[in-house]
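Notes to accompany the following structure.
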Amino acid sequence: MSIIKRIGLPFQLLIALVLAIIFGKFVSVADSFYNFLGTTFINAITMVILPLIFPVVIVAVVKIFNQKSFGQILAKTFIYFFVVTTAIIAIFLLAAYYLKFGSGTHVTANASSLKGIGTSVNLWAFLTSIVPANVVKAFSTNNLLSVIFFAIAIGLGLGAYGPDKSEPLLHLFDIWINALYKVTDFIIKLSPIGIFGIIAHDVSSVGINELLSLVKFIIGLYIGYVLLLLVVFPLIARFYKISYINTLRETRDLFTLAFFTGSSSVVLPKLLERLKQNGTSQVATDFVVPLGYTFNLEGATVYLSLAVAFIANSYNLSLSLATLISIVLLLTFISKTIATVPSGAIVVLLATASQLGLPKEGVALIFAVDFFANAGRTALNVLGNAIAAKAIDGKLESDTVVSAKTANE
C-alpha cells in the first residue's frame, strides 16, 4: 500500500492503461467484470457533480456581489472573460468538428446512448431550458445549466439579503463543499481501477484500435494548444496593446513550472508578485487573476472544445450548426466551474457529455491520458490570466485618462 502511495496518479493511470490492454486482450472472459468496474467509476463521478457545483456557484456569486466598490472593474473583467473564452470555444469547436478531428477512430456506442443526439437539439429550446420551471426536476434529470442558473439566482438573493444574515448558510455550504471535495478526492484516487475496467472492457469487446485513437487525440490537442499560444494569445495581446513577448519573458519560468507540476495554484502567489513587479497595477492584478483562476481558463476551454469534437466525430455523430452553437453556449457557462472541482476538466467534460447525450465511454477513454492533456492546458491557463490582468489594467488606465481629459474640458 505504501508503494502505491509513492506512485503519483499520472503513473498509476499509465500502469492501469498498460495492464488494461494486456488483460483485455488476453483475459477477455472477464469482460463483464471490467465493465462493472468502469461503469461504477463513471457513476461515482456523476454522483457528486450537481451536489458540489450548486453550493460552489452560490458561494462564488455571494462573494462577487459583496465587492461593490469594484463595480467597474468587475464589469470589465467579466466581459473580457466571457467574450474571450466564448470566442476560443467557438473557434476551436467548430474548426475541430468540421475538420473531422476524431473521425475514423474505431469506437462503438450503445444505440441507446446515441438516441436524441444531433439535429434533435433545438437552440431556442436549449436557451429556454436554462431557466428551470421545476428546480427538483432539474436536479433529478442532471440538468447542469439549469442548476447553475438557479444557484446564481440564490447567490444574488443571499448577497442582497446581506452577508451577515447569510453567513450561517454560507458556512454550511463551505462545510458541504469541503466534504464533497474529500469524496471526490477519494473517487479520483480509485480512478486507476475505473480506467482499468473501462479500457480492458473496450479492448476485450472492441479491440486495441480504439485505444490507439488516443494518440491522435493528444497530437491534435497539442496542435490546438500551440495555436492558442502562437496565434490566439498574440492577437488578444495586440488588440489590447500588450507586449506579448515581454509577457512571455516575465512568466516563462512560471509557465514551465505549471506545465511540469500540472497545477496552476502552485504559481499563483508568484504570478501576482511578478505582474506587479513588471508594472501591472495592484488593483487589476489582485482582482483579475484570482477571478481568472475560475472564470478565465483558456487552456481548459481549448481542451473541452477539442474533446467534445473528438468524441462526436469518433462516434460519427451528425451535429447541426444550431447544436454546435448550443454546445458553445453550454461550454461557455459550465467551463467556469472547472477550477472549483477536483479534476475539474474531466468532471465538466463528463457533465457536458451527459447534458448533450454524448457517450460517457468516450470521456472515460480520454481520461486515461488526462495527465498528458493537463500539462499543456494548465500552463496556458496561467499565461492567459497574465494577459487578462494586463489587458484589464490597460483598459482601466485608458478610461481614467479619457475621464481626466473630459473633466478638464
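Every chain in the C-alpha cells has a letter given in the order shown (A, B, ...), and although residue numbers restart at 1 in each chain, ligands are simply numbered from 1 in the order shown.
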Give me, as an NGL selection string, all polymer residues having an atom no more than 8 Å from Ile73 of chain A, counting only C-alpha atoms and skipping those fewer than 4 positions away in the same chain.
:A and (77 or 284 or 392 or 396)
May I have the selected residues written with all heavy atoms, as a short mmCIF file (atom, residue, chain, number, x, y, z; two decimals), in the first residue's frame?
```
data_model
loop_
_atom_site.label_atom_id
_atom_site.label_comp_id
_atom_site.auth_asym_id
_atom_site.auth_seq_id
_atom_site.Cartn_x
_atom_site.Cartn_y
_atom_site.Cartn_z
N THR A 77 -13.99 43.04 -16.27
CA THR A 77 -13.34 41.73 -16.13
C THR A 77 -14.21 40.62 -16.68
O THR A 77 -13.76 39.77 -17.46
CB THR A 77 -13.00 41.46 -14.66
OG1 THR A 77 -12.10 42.46 -14.19
CG2 THR A 77 -12.35 40.09 -14.49
N ALA A 284 -5.74 45.77 -10.45
CA ALA A 284 -6.06 44.86 -11.55
C ALA A 284 -5.52 43.46 -11.27
O ALA A 284 -6.22 42.46 -11.46
CB ALA A 284 -5.49 45.39 -12.86
N ILE A 392 -6.96 44.18 -18.74
CA ILE A 392 -7.91 44.94 -17.91
C ILE A 392 -7.24 46.17 -17.33
O ILE A 392 -7.83 47.26 -17.27
CB ILE A 392 -8.48 44.06 -16.79
CG1 ILE A 392 -9.22 42.85 -17.37
CG2 ILE A 392 -9.41 44.86 -15.90
CD1 ILE A 392 -10.37 43.19 -18.28
N LEU A 396 -8.43 50.01 -17.91
CA LEU A 396 -8.75 50.92 -16.80
C LEU A 396 -7.94 52.20 -16.89
O LEU A 396 -8.46 53.30 -16.65
CB LEU A 396 -8.49 50.22 -15.47
CG LEU A 396 -9.45 49.09 -15.08
CD1 LEU A 396 -8.94 48.38 -13.83
CD2 LEU A 396 -10.85 49.62 -14.86
#
```
Between A:Val62, A:Leu145, A:Ala391, A:Ala75, smallest distance to Leu158 of chain A by only C-alpha atoms belongs to A:Val62
Filtered DSSP result for segment 247-384 of chain A, state alpha helix (DSSP H), as a ChimeraX atom specification:
/A:247-261,268-277,282-295,298-314,321-334,344-356,360-367,370-384
For segment 195-206 of chain A: contacts at 8 Å, only C-alpha atoms, fewer than 2 positions along chain excluded, given as an NGL selection string
:A and (13 or 16-17 or 19-25 or 27-28 or 31-39 or 107-108 or 191-193 or 208-211 or 361 or 364-365 or 367-368)
